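The structure appears right after this line, and notes come after that.
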2 protein chains.
Amino acid sequence: MAIPMISVVGKSNTGKTTLLEKLVAELKRRGYRVATVKHDTHGFDIDRPGKDSWRHARAGSDVVIISGPNRLAMIEKREKEITLNEIADRVTNVDIVLTEGYKRGDRPKIEVSRHEKGSELLCTEDELIAIAADQPFDMNVPQFGLDDAAGLVDLIEEKFLANPF
Amino acid sequence: MAIPMISVVGKSNTGKTTLLEKLVAELKRRGYRVATVKHDTHGFDIDRPGKDSWRHARAGSDVVIISGPNRLAMIEKREKEITLNEIADRVTNVDIVLTEGYKRGDRPKIEVSRHEKGSELLCTEDELIAIAADQPFDMNVPQFGLDDAAGLVDLIEEKFLANPF
């Protein structure tokens, strides 16, 4: 069975990362293995100049792996961005994948909205499984407070996770 | 056919990373796709506090992925260190894998040696495909200068890479 993948989307500075942290913590509390995906549309430097792994990358390595006793990192050069489907193919040992961003992706979405950033949503009703907001919306979508990770995870469990415990 | 994996080993501060950089650059110049593995026995923090991906990890994500237009990073929590065989299973789209370290691994090795760090080697003759050093060894192993990436890559090509060009 495919691993469920849910996208947490919203305008800038509405608190997507904060909500995602809370969802991850709540899912972990309930015993799930969780992967998260950060969509970094501007590119990124994950490592620090001078470190050996950075020197490997700078010398031209297509794939740099750093393996430690409790952590494994792989950094790959890409000609084009990996798709959510390709990510789903690679991540096999978790119960759920949460993405931060990917508002134009085709995965079920939770939109974060904050009154001070406006009262329009990025997504349409049929794209959303939930809204996390400090304001109400006249839409047929379950709505939660910005801090209500437990409520959101109840919904996620019900819709996407066969509870194995 | 399995992708060849060669370990660059040596005592501390003999110049393993520097040699590895030169080997990567030379292999890239010859058109190969290269992966490198840095063995970080003390553990590592690849990301910086405050960044979104760091916040995902701190919240408990088992796998954190950062996807940009030209780069993909995956950081996995592990209960125990991944083996070289498991790394080999995961890295599929390159011609060769070079590891920095893994002196106790079972892969063919190049040992880096520098007179000022002593004249003993870590490896035995049968473990080594080459020595890169500023001193001679009375051993039946091909020996190269510390800067001779071209010579070493000639040997690597001859022994491990069917040249597809």
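Residues are referred to by chain and number: the chain letter is A, B, ... according to the order shown in the structure tokens, the number counts from 1 in that chain, and ligands are numbered separately from 1 in the order shown.
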**Message:** Should the cut-off be 7 Å, what would the residue list for chain A against chain B look like, counting only C-alpha atoms, as an NGL selection string?
**Reply:** :A and (17 or 21 or 24-25 or 28 or 33-44 or 46-47 or 52-53 or 55-56 or 59-81)
**Item:** Shell around B:Lys11 at 9 Å using only C-alpha atoms, local window under 4 positions removed, as a VMD selection string
**Value:** chain B and resid 15 to 16 111 to 114 117 121 to 122
Those residues you just picked out, can you put them in a file as a CSV table (one decimal), in the first residue's frame with all heavy atoms?
```csv
chain,number,residue,atom,x,y,z
B,15,GLY,N,46.0,13.5,4.6
B,15,GLY,CA,45.5,14.1,3.4
B,15,GLY,C,44.5,13.3,2.6
B,15,GLY,O,44.4,13.4,1.4
B,16,LYS,N,43.7,12.5,3.3
B,16,LYS,CA,42.7,11.7,2.7
B,16,LYS,C,41.7,12.5,1.9
B,16,LYS,O,41.3,12.2,0.7
B,16,LYS,CB,41.9,10.9,3.7
B,16,LYS,CG,42.7,9.8,4.4
B,16,LYS,CD,41.9,8.8,5.2
B,16,LYS,CE,41.3,9.4,6.5
B,16,LYS,NZ,42.3,9.8,7.5
B,111,GLU,N,45.7,3.5,0.3
B,111,GLU,CA,46.1,4.1,1.6
B,111,GLU,C,47.0,5.3,1.3
B,111,GLU,O,47.9,5.3,0.5
B,111,GLU,CB,46.9,3.1,2.5
B,111,GLU,CG,47.3,3.7,3.8
B,111,GLU,CD,47.6,2.8,5.0
B,111,GLU,OE1,47.2,1.6,4.9
B,111,GLU,OE2,48.1,3.3,6.0
B,112,VAL,N,46.7,6.4,2.0
B,112,VAL,CA,47.4,7.6,2.0
B,112,VAL,C,48.4,7.6,3.1
B,112,VAL,O,48.1,7.4,4.2
B,112,VAL,CB,46.5,8.8,2.1
B,112,VAL,CG1,47.3,10.1,1.9
B,112,VAL,CG2,45.3,8.7,1.1
B,113,SER,N,49.7,7.9,2.8
B,113,SER,CA,50.7,7.9,3.8
B,113,SER,C,51.6,9.1,3.6
B,113,SER,O,51.9,9.5,2.5
B,113,SER,CB,51.5,6.6,3.7
B,113,SER,OG,52.6,6.7,4.6
B,114,ARG,N,52.0,9.7,4.8
B,114,ARG,CA,52.8,10.9,4.7
B,114,ARG,C,54.0,10.6,5.7
B,114,ARG,O,53.7,10.3,6.9
B,114,ARG,CB,52.0,12.1,5.2
B,114,ARG,CG,52.3,13.4,4.6
B,114,ARG,CD,51.2,14.4,5.0
B,114,ARG,NE,50.2,14.5,4.0
B,114,ARG,CZ,50.3,15.3,2.9
B,114,ARG,NH1,51.4,16.0,2.7
B,114,ARG,NH2,49.3,15.3,2.1
B,117,LYS,N,53.9,11.6,9.4
B,117,LYS,CA,52.9,10.9,10.2
B,117,LYS,C,53.4,9.4,10.5
B,117,LYS,O,52.6,8.6,11.1
B,117,LYS,CB,51.5,10.8,9.6
B,117,LYS,CG,50.9,12.2,9.4
B,117,LYS,CD,50.6,12.9,10.7
B,117,LYS,CE,50.3,14.4,10.4
B,117,LYS,NZ,50.1,15.2,11.6
B,121,LEU,N,51.9,1.4,7.7
B,121,LEU,CA,50.6,1.6,7.0
B,121,LEU,C,49.5,0.9,7.9
B,121,LEU,O,49.8,0.1,8.8
B,121,LEU,CB,50.6,0.8,5.7
B,121,LEU,CG,51.6,1.4,4.6
B,121,LEU,CD1,51.6,0.6,3.4
B,121,LEU,CD2,51.1,2.9,4.3
B,122,LEU,N,48.3,1.4,7.7
B,122,LEU,CA,47.2,0.7,8.4
B,122,LEU,C,46.8,-0.6,7.8
B,122,LEU,O,46.3,-1.5,8.5
B,122,LEU,CB,45.9,1.6,8.3
B,122,LEU,CG,46.0,3.0,8.9
B,122,LEU,CD1,44.7,3.8,8.5
B,122,LEU,CD2,46.2,3.0,10.4
```
May I have a table of the residues of stretch 6-101 of chain B lying at most 10 Å from stretch 125-131 of chain B, giving each one's closest pair of atoms and their distance in Å to one decimal, counting only C-alpha atoms, ordered by chain and ascending residue number, as JSON lines?
```
{"residue": "B:Ile6", "atom": "CA", "partner": "B:Ile129", "partner_atom": "CA", "distance": 9.0}
{"residue": "B:Ser7", "atom": "CA", "partner": "B:Leu128", "partner_atom": "CA", "distance": 9.4}
{"residue": "B:Val8", "atom": "CA", "partner": "B:Ile131", "partner_atom": "CA", "distance": 9.6}
{"residue": "B:Val9", "atom": "CA", "partner": "B:Ile131", "partner_atom": "CA", "distance": 9.7}
{"residue": "B:Gly10", "atom": "CA", "partner": "B:Ile131", "partner_atom": "CA", "distance": 9.7}
```
**Asked** Any idea what the distance is between atom CA of A:Gln135 and atom CA of A:Pro108?
**Response**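 A separation of 21.0 Å between them.
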**Request:** as a PyMOL selection string, please: all residues of stretch 19-101 of chain B that backbone DSSP puts in strand (DSSP E).
**Result:** chain B and resi 34-39+63-67+71-77+96-100
**Request:** Measure the distance from atom CA of B:Tyr102 to atom CA of A:Asp89 in Å and round it to one decimal.
**Result:**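 Value for the atom CA of B:Tyr102-atom CA of A:Asp89 distance: 29.2 Å.
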**Item:** helix (DSSP H, G or I) residues, from DSSP on the backbone, in stretch 32-160 of chain A, as a ChimeraX atom specification
**Value:** /A:52-59,84-90,115-117,125-127,149-160
Using N, CA, C and O atoms, can you write the selected residues to a file as a compact mmCIF listing (two decimals), in the first residue's frame?
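Final output, out26.txt:
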```txt
# COMPACT_ATOMS: atom_id res chain seq x y z
N ASP A 52 34.54 18.22 5.30
CA ASP A 52 34.98 17.25 4.30
C ASP A 52 33.89 16.96 3.26
O ASP A 52 34.17 16.86 2.07
N SER A 53 32.65 16.83 3.74
CA SER A 53 31.58 16.49 2.81
C SER A 53 31.34 17.63 1.81
O SER A 53 31.03 17.41 0.65
N TRP A 54 31.52 18.86 2.27
CA TRP A 54 31.41 20.01 1.37
C TRP A 54 32.52 19.96 0.33
O TRP A 54 32.31 20.23 -0.84
N ARG A 55 33.71 19.57 0.76
CA ARG A 55 34.84 19.47 -0.18
C ARG A 55 34.56 18.38 -1.22
O ARG A 55 34.90 18.55 -2.39
N HIS A 56 33.96 17.27 -0.80
CA HIS A 56 33.59 16.23 -1.77
C HIS A 56 32.64 16.80 -2.82
O HIS A 56 32.81 16.57 -4.02
N ALA A 57 31.63 17.53 -2.36
CA ALA A 57 30.63 18.08 -3.28
C ALA A 57 31.29 19.08 -4.22
O ALA A 57 31.05 19.07 -5.44
N ARG A 58 32.12 19.93 -3.68
CA ARG A 58 32.75 20.96 -4.50
C ARG A 58 33.69 20.34 -5.54
O ARG A 58 33.85 20.86 -6.64
N ALA A 59 34.30 19.22 -5.21
CA ALA A 59 35.19 18.56 -6.16
C ALA A 59 34.41 17.94 -7.32
O ALA A 59 34.99 17.56 -8.32
N LEU A 84 7.16 14.66 -6.38
CA LEU A 84 6.62 14.00 -5.18
C LEU A 84 6.47 12.50 -5.40
O LEU A 84 6.69 11.71 -4.48
N ASN A 85 6.12 12.09 -6.61
CA ASN A 85 6.02 10.65 -6.87
C ASN A 85 7.37 9.95 -6.74
O ASN A 85 7.46 8.85 -6.20
N GLU A 86 8.40 10.61 -7.23
CA GLU A 86 9.74 10.03 -7.11
C GLU A 86 10.18 9.98 -5.64
O GLU A 86 10.82 9.02 -5.21
N ILE A 87 9.82 11.02 -4.89
CA ILE A 87 10.12 10.99 -3.45
C ILE A 87 9.40 9.81 -2.80
O ILE A 87 9.97 9.05 -2.02
N ALA A 88 8.12 9.65 -3.15
CA ALA A 88 7.33 8.56 -2.57
C ALA A 88 7.97 7.20 -2.87
O ALA A 88 7.96 6.29 -2.04
N ASP A 89 8.57 7.07 -4.05
CA ASP A 89 9.22 5.81 -4.41
C ASP A 89 10.46 5.53 -3.55
O ASP A 89 10.84 4.39 -3.34
N ARG A 90 11.09 6.60 -3.09
CA ARG A 90 12.35 6.42 -2.36
C ARG A 90 12.17 6.21 -0.87
O ARG A 90 13.04 5.62 -0.22
N HIS A 115 -5.23 35.24 9.95
CA HIS A 115 -6.01 36.44 9.65
C HIS A 115 -5.13 37.60 9.18
O HIS A 115 -5.42 38.26 8.18
N GLU A 116 -4.03 37.82 9.89
CA GLU A 116 -3.19 38.98 9.55
C GLU A 116 -2.52 38.87 8.18
O GLU A 116 -2.00 39.86 7.67
N LYS A 117 -2.53 37.68 7.59
CA LYS A 117 -1.98 37.52 6.24
C LYS A 117 -3.08 37.48 5.18
O LYS A 117 -2.82 37.15 4.02
N GLU A 125 -11.67 24.12 -2.23
CA GLU A 125 -12.28 23.18 -1.28
C GLU A 125 -11.91 21.73 -1.56
O GLU A 125 -11.58 20.97 -0.66
N ASP A 126 -11.95 21.35 -2.83
CA ASP A 126 -11.71 19.93 -3.15
C ASP A 126 -10.26 19.51 -3.00
O ASP A 126 -9.95 18.31 -2.99
N GLU A 127 -9.33 20.46 -2.90
CA GLU A 127 -7.92 20.10 -2.68
C GLU A 127 -7.60 19.87 -1.22
O GLU A 127 -6.58 19.29 -0.88
N ALA A 149 -2.92 20.24 16.88
CA ALA A 149 -2.27 19.10 16.24
C ALA A 149 -3.02 17.81 16.54
O ALA A 149 -3.16 16.95 15.67
N ALA A 150 -3.52 17.67 17.76
CA ALA A 150 -4.23 16.43 18.12
C ALA A 150 -5.46 16.24 17.24
O ALA A 150 -5.73 15.15 16.74
N GLY A 151 -6.22 17.32 17.04
CA GLY A 151 -7.41 17.24 16.19
C GLY A 151 -7.04 16.89 14.75
O GLY A 151 -7.67 16.04 14.11
N LEU A 152 -6.01 17.54 14.24
CA LEU A 152 -5.59 17.26 12.86
C LEU A 152 -5.08 15.83 12.71
O LEU A 152 -5.38 15.15 11.72
N VAL A 153 -4.33 15.35 13.70
CA VAL A 153 -3.81 13.99 13.60
C VAL A 153 -4.94 12.96 13.76
O VAL A 153 -4.92 11.91 13.12
N ASP A 154 -5.95 13.28 14.57
CA ASP A 154 -7.14 12.40 14.61
C ASP A 154 -7.71 12.23 13.19
O ASP A 154 -8.01 11.12 12.75
N LEU A 155 -7.86 13.35 12.51
CA LEU A 155 -8.39 13.32 11.14
C LEU A 155 -7.48 12.54 10.20
O LEU A 155 -7.94 11.72 9.39
N ILE A 156 -6.17 12.80 10.28
CA ILE A 156 -5.20 12.10 9.42
C ILE A 156 -5.25 10.60 9.68
O ILE A 156 -5.25 9.79 8.75
N GLU A 157 -5.31 10.23 10.96
CA GLU A 157 -5.38 8.80 11.30
C GLU A 157 -6.62 8.17 10.68
O GLU A 157 -6.55 7.10 10.07
N GLU A 158 -7.73 8.85 10.88
CA GLU A 158 -9.00 8.31 10.41
C GLU A 158 -9.00 8.13 8.89
O GLU A 158 -9.45 7.12 8.36
N LYS A 159 -8.48 9.13 8.17
CA LYS A 159 -8.56 9.09 6.71
C LYS A 159 -7.43 8.31 6.05
O LYS A 159 -7.62 7.77 4.97
N PHE A 160 -6.23 8.31 6.67
CA PHE A 160 -5.06 7.81 5.94
C PHE A 160 -4.27 6.70 6.61
O PHE A 160 -3.48 6.03 5.96
```
**Item:** Residue with smallest distance to B:Ala132 - pool B:Thr14, B:Arg30, B:Gly105, B:Asp95, counting only C-alpha atoms
**Value:** B:Thr14
